[in-house]
Structure formats: C-alpha cells, structure tokens
file data11.txt (compact mmCIF, C-alpha atoms)
# COMPACT_ATOMS: atom_id res chain seq x y z
CA PRO A 1 -15.67 -11.23 5.96
CA VAL A 2 -16.21 -7.49 5.76
CA GLY A 3 -12.84 -6.66 4.23
CA TYR A 4 -9.22 -7.54 3.89
CA VAL A 5 -5.71 -6.14 4.34
CA GLY A 6 -2.60 -6.73 2.24
CA ILE A 7 0.86 -5.85 3.53
CA THR A 8 4.44 -6.36 2.39
CA SER A 9 7.37 -6.46 4.81
CA TYR A 10 10.89 -5.43 3.78
CA LEU A 11 14.06 -4.98 5.83
CA GLY A 12 13.21 -2.19 8.27
CA TRP A 13 10.08 -1.00 6.53
CA GLY A 14 6.68 -2.11 5.39
CA HIS A 15 4.14 -1.29 2.76
CA LEU A 16 0.39 -1.21 3.16
CA ASP A 17 -0.65 -2.72 -0.14
CA ARG A 18 -4.40 -2.48 0.29
CA ILE A 19 -7.27 -2.14 2.70
CA ALA A 20 -10.66 -3.03 1.30
CA ILE A 21 -13.94 -2.90 3.22
CA LEU A 22 -17.33 -3.80 1.79
CA PRO A 23 -19.09 -0.57 0.77
CA GLU A 24 -22.09 -1.28 3.02
CA ARG A 25 -19.72 -1.67 6.02
CA GLN A 26 -17.65 1.47 5.42
CA GLY A 27 -17.89 4.20 8.04
CA LEU A 28 -18.34 1.69 10.88
CA GLY A 29 -14.72 1.51 12.06
CA TYR A 30 -13.64 -1.57 10.13
CA GLY A 31 -11.16 0.38 8.01
CA ARG A 32 -9.53 1.86 11.10
CA ALA A 33 -9.38 -1.56 12.74
CA ALA A 34 -7.82 -3.03 9.59
CA LEU A 35 -5.27 -0.21 9.45
CA ASP A 36 -4.40 -0.63 13.14
CA PHE A 37 -3.94 -4.37 12.56
CA ALA A 38 -1.68 -3.78 9.53
CA ILE A 39 0.47 -1.26 11.40
CA GLU A 40 0.83 -3.55 14.42
CA ARG A 41 1.74 -6.52 12.24
CA LEU A 42 4.34 -4.55 10.29
CA LEU A 43 5.85 -3.34 13.57
CA GLN A 44 6.05 -6.96 14.76
CA LEU A 45 7.88 -7.78 11.53
CA GLY A 46 10.47 -5.05 12.22
CA ALA A 47 9.18 -2.09 10.22
CA ARG A 48 10.40 1.31 11.34
CA HIS A 49 8.68 3.08 8.44
CA ILE A 50 5.45 2.28 6.61
CA GLY A 51 4.54 3.51 3.16
CA LEU A 52 1.33 3.35 1.18
CA SER A 53 -0.36 4.90 -1.78
CA THR A 54 -3.97 5.77 -2.45
CA GLN A 55 -5.90 7.40 -5.23
CA GLN A 56 -5.74 11.19 -5.17
CA LEU A 57 -9.53 11.49 -5.36
CA ASN A 58 -10.24 8.91 -2.64
CA ALA A 59 -10.95 11.44 0.11
CA ARG A 60 -12.26 8.81 2.52
CA SER A 61 -9.04 6.77 2.54
CA ARG A 62 -6.87 9.89 2.62
CA ARG A 63 -8.71 11.11 5.74
CA LEU A 64 -8.26 7.73 7.42
CA TYR A 65 -4.52 7.69 6.73
CA GLU A 66 -4.00 11.34 7.71
CA ARG A 67 -5.96 10.88 10.98
CA THR A 68 -3.60 8.05 11.90
CA GLY A 69 -0.42 10.03 11.23
CA PHE A 70 0.39 9.30 7.60
CA LEU A 71 1.57 12.30 5.60
CA HIS A 72 1.35 12.91 1.88
CA VAL A 73 4.90 13.32 0.63
CA PRO A 74 4.87 14.62 -2.98
CA ALA A 75 8.63 14.02 -3.29
CA ASN A 76 7.95 10.30 -2.78
CA ASP A 77 5.33 10.02 -5.51
CA TYR A 78 6.71 7.56 -7.98
CA ARG A 79 6.54 6.31 -11.52
CA LEU A 80 6.86 2.67 -12.41
CA TYR A 81 9.57 1.47 -14.74
CA GLY A 82 9.98 -2.03 -16.03
CA ARG A 83 12.73 -4.06 -17.57
CA ILE A 84 12.80 -7.54 -19.01
CA LEU A 85 15.60 -9.41 -17.30
CA ARG A 86 15.67 -12.40 -19.60
CA LEU A 87 13.86 -12.77 -22.90
CA PRO A 88 12.31 -16.12 -23.79
CA GLU A 89 14.24 -18.10 -26.39
CA GLY A 90 13.55 -16.98 -29.93
CA VAL A 91 12.45 -13.43 -28.98
CA PRO A 92 14.82 -10.82 -30.45
CA SER A 93 16.15 -8.16 -28.10
CA ALA A 94 16.26 -4.45 -28.87
CA THR A 95 19.98 -4.78 -29.59
CA ASP A 96 19.60 -7.63 -32.12
call {"tool": "encode", "arguments": {"input": "data11.txt", "output": "structure tokens"}}
result
Amino acid sequence: PVGYVGITSYLGWGHLDRIAILPERQGLGYGRAALDFAIERLLQLGARHIGLSTQQLNARSRRLYERTGFLHVPANDYRLYGRILRLPEGVPSATD
C-alpha cells in the first residue's frame, strides 16, 4: 500500500476523514487518485455535499483540495464540544 482513505457517509452528505500517502510517494498522483476515489464513493452513497478539514499550514493538501473544487469556508470552521451522556455508577455528576 502507498496510502489510505477514510470517509464517513451521512444522509445526503459525506466527510473526507483522511487521505494519507507515504511521504516518498507524494507528488506522484496517488493523493489525487485517492481523493477522486473518495469523492466517487461518497457520491455512490448519496452525498450531495462533501466536507473535510485539513491543517492550516498543510499547503500541499490545501492545494490538492482547492484544485479539485473544494473551498475554504471560514464560517464553517468549528470547535468541538463534548458532553457525557451517562456517567458510570459511583461517579458524582456536576449537579451532585
């Protein structure tokens, strides 16, 4: 293997979780082929929109995504929030 792709399919949209290509194989078209595969698979699964995120300083991946039509949308940058849905027995909650 020279790399891998991770995707997640939701109702009507998909997410490109990750594309990883071995460093010594980067720049040879494998990333583009992996991206094309991911897009095609998400379309087959019913996606009408595809989202992804990448590191701000990863210029190589940003160029790949922008060349294939992805746009940086600052309004869609997000923060992660978490919530414990059920505490294990014996663990006091914040309201106890």
call {"tool": "closest_residue", "arguments": {"input": "data11.txt", "among": "A:Gly69, A:Pro1, A:Pro74, A:Gly90", "to": "Asp36 of chain A", "atoms": "all atoms listed in the file"}}
result
A:Gly69
call {"tool": "atom_distance", "arguments": {"input": "data11.txt", "atom1": "atom CA of Leu45 of chain A", "atom2": "atom CA of Leu16 of chain A"}}
result
13.0 Å
call {"tool": "atom_distance", "arguments": {"input": "data11.txt", "atom1": "atom CA of Glu66 of chain A", "atom2": "atom CA of Ala34 of chain A"}}
result
15.0 Å
call {"tool": "atom_distance", "arguments": {"input": "data11.txt", "atom1": "atom CA of Gly51 of chain A", "atom2": "atom CA of Trp13 of chain A"}}
result
7.9 Å
call {"tool": "closest_residue", "arguments": {"input": "data11.txt", "among": "A:Glu89, A:Ile50, A:Leu22, A:Gln55", "to": "Thr8 of chain A", "atoms": "all atoms listed in the file"}}
result
A:Ile50
call {"tool": "residues_around", "arguments": {"input": "data11.txt", "residues": "Arg48 of chain A", "least_positions_apart": "3", "cutoff": "12 Å", "atoms": "all atoms listed in the file", "output": "list in words"}}
result
Ser9, Tyr10, Leu11, Gly12, Trp13, Gly14, His15, Ile39, Glu40, Arg41, Leu42, Leu43, Gln44, Leu45 and Gly51 of chain A
call {"tool": "build_atoms", "arguments": {"input": "data11.txt", "residues": "segment 9-41 of chain A", "atoms": "N, CA and C atoms", "output": "short mmCIF file (atom, residue, chain, number, x, y, z; two decimals), in the frame of the given file"}}
result
data_model
loop_
_atom_site.label_atom_id
_atom_site.label_comp_id
_atom_site.auth_asym_id
_atom_site.auth_seq_id
_atom_site.Cartn_x
_atom_site.Cartn_y
_atom_site.Cartn_z
N SER A 9 6.33 -6.79 3.84
CA SER A 9 7.37 -6.46 4.81
C SER A 9 8.73 -6.54 4.14
N TYR A 10 9.52 -5.49 4.29
CA TYR A 10 10.89 -5.43 3.78
C TYR A 10 11.82 -5.24 4.98
N LEU A 11 13.11 -5.22 4.74
CA LEU A 11 14.06 -4.98 5.83
C LEU A 11 13.87 -3.58 6.40
N GLY A 12 13.34 -3.48 7.60
CA GLY A 12 13.21 -2.19 8.27
C GLY A 12 12.02 -1.35 7.87
N TRP A 13 11.25 -1.78 6.89
CA TRP A 13 10.08 -1.00 6.53
C TRP A 13 9.01 -1.89 5.94
N GLY A 14 7.81 -1.35 5.91
CA GLY A 14 6.68 -2.11 5.39
C GLY A 14 5.87 -1.28 4.43
N HIS A 15 5.03 -1.96 3.70
CA HIS A 15 4.14 -1.29 2.76
C HIS A 15 2.73 -1.80 2.97
N LEU A 16 1.80 -0.88 3.09
CA LEU A 16 0.39 -1.21 3.16
C LEU A 16 -0.10 -1.30 1.73
N ASP A 17 -0.28 -2.52 1.25
CA ASP A 17 -0.65 -2.72 -0.14
C ASP A 17 -2.12 -2.36 -0.40
N ARG A 18 -2.98 -2.75 0.52
CA ARG A 18 -4.40 -2.48 0.29
C ARG A 18 -5.20 -2.72 1.56
N ILE A 19 -6.21 -1.89 1.74
CA ILE A 19 -7.27 -2.14 2.70
C ILE A 19 -8.56 -2.05 1.90
N ALA A 20 -9.38 -3.05 2.00
CA ALA A 20 -10.66 -3.03 1.30
C ALA A 20 -11.76 -3.45 2.28
N ILE A 21 -12.78 -2.63 2.36
CA ILE A 21 -13.94 -2.90 3.22
C ILE A 21 -15.18 -2.86 2.34
N LEU A 22 -16.09 -3.80 2.56
CA LEU A 22 -17.33 -3.80 1.79
C LEU A 22 -18.00 -2.43 1.87
N PRO A 23 -18.49 -1.92 0.75
CA PRO A 23 -19.09 -0.57 0.77
C PRO A 23 -20.17 -0.39 1.83
N GLU A 24 -21.01 -1.41 2.03
CA GLU A 24 -22.09 -1.28 3.02
C GLU A 24 -21.58 -1.32 4.46
N ARG A 25 -20.31 -1.64 4.67
CA ARG A 25 -19.72 -1.67 6.02
C ARG A 25 -18.75 -0.52 6.26
N GLN A 26 -18.54 0.33 5.26
CA GLN A 26 -17.65 1.47 5.42
C GLN A 26 -18.27 2.49 6.36
N GLY A 27 -17.41 3.19 7.09
CA GLY A 27 -17.89 4.20 8.04
C GLY A 27 -18.25 3.63 9.40
N LEU A 28 -17.99 2.34 9.61
CA LEU A 28 -18.34 1.69 10.88
C LEU A 28 -17.11 1.33 11.71
N GLY A 29 -15.93 1.77 11.29
CA GLY A 29 -14.72 1.51 12.06
C GLY A 29 -13.90 0.33 11.60
N TYR A 30 -14.39 -0.41 10.61
CA TYR A 30 -13.64 -1.57 10.13
C TYR A 30 -12.34 -1.17 9.43
N GLY A 31 -12.37 -0.09 8.68
CA GLY A 31 -11.16 0.38 8.01
C GLY A 31 -10.09 0.76 9.01
N ARG A 32 -10.48 1.47 10.05
CA ARG A 32 -9.53 1.86 11.10
C ARG A 32 -8.97 0.64 11.80
N ALA A 33 -9.84 -0.34 12.09
CA ALA A 33 -9.38 -1.56 12.74
C ALA A 33 -8.41 -2.32 11.83
N ALA A 34 -8.70 -2.36 10.55
CA ALA A 34 -7.82 -3.03 9.59
C ALA A 34 -6.48 -2.31 9.51
N LEU A 35 -6.51 -0.98 9.50
CA LEU A 35 -5.27 -0.21 9.45
C LEU A 35 -4.45 -0.42 10.72
N ASP A 36 -5.10 -0.39 11.87
CA ASP A 36 -4.40 -0.63 13.14
C ASP A 36 -3.76 -2.02 13.14
N PHE A 37 -4.48 -3.02 12.65
CA PHE A 37 -3.94 -4.37 12.56
C PHE A 37 -2.70 -4.41 11.66
N ALA A 38 -2.80 -3.78 10.49
CA ALA A 38 -1.68 -3.78 9.53
C ALA A 38 -0.45 -3.11 10.13
N ILE A 39 -0.65 -1.97 10.79
CA ILE A 39 0.47 -1.26 11.40
C ILE A 39 1.11 -2.12 12.49
N GLU A 40 0.31 -2.71 13.33
CA GLU A 40 0.83 -3.55 14.42
C GLU A 40 1.60 -4.74 13.85
N ARG A 41 1.06 -5.36 12.82
CA ARG A 41 1.74 -6.52 12.24
C ARG A 41 3.07 -6.12 11.61
#
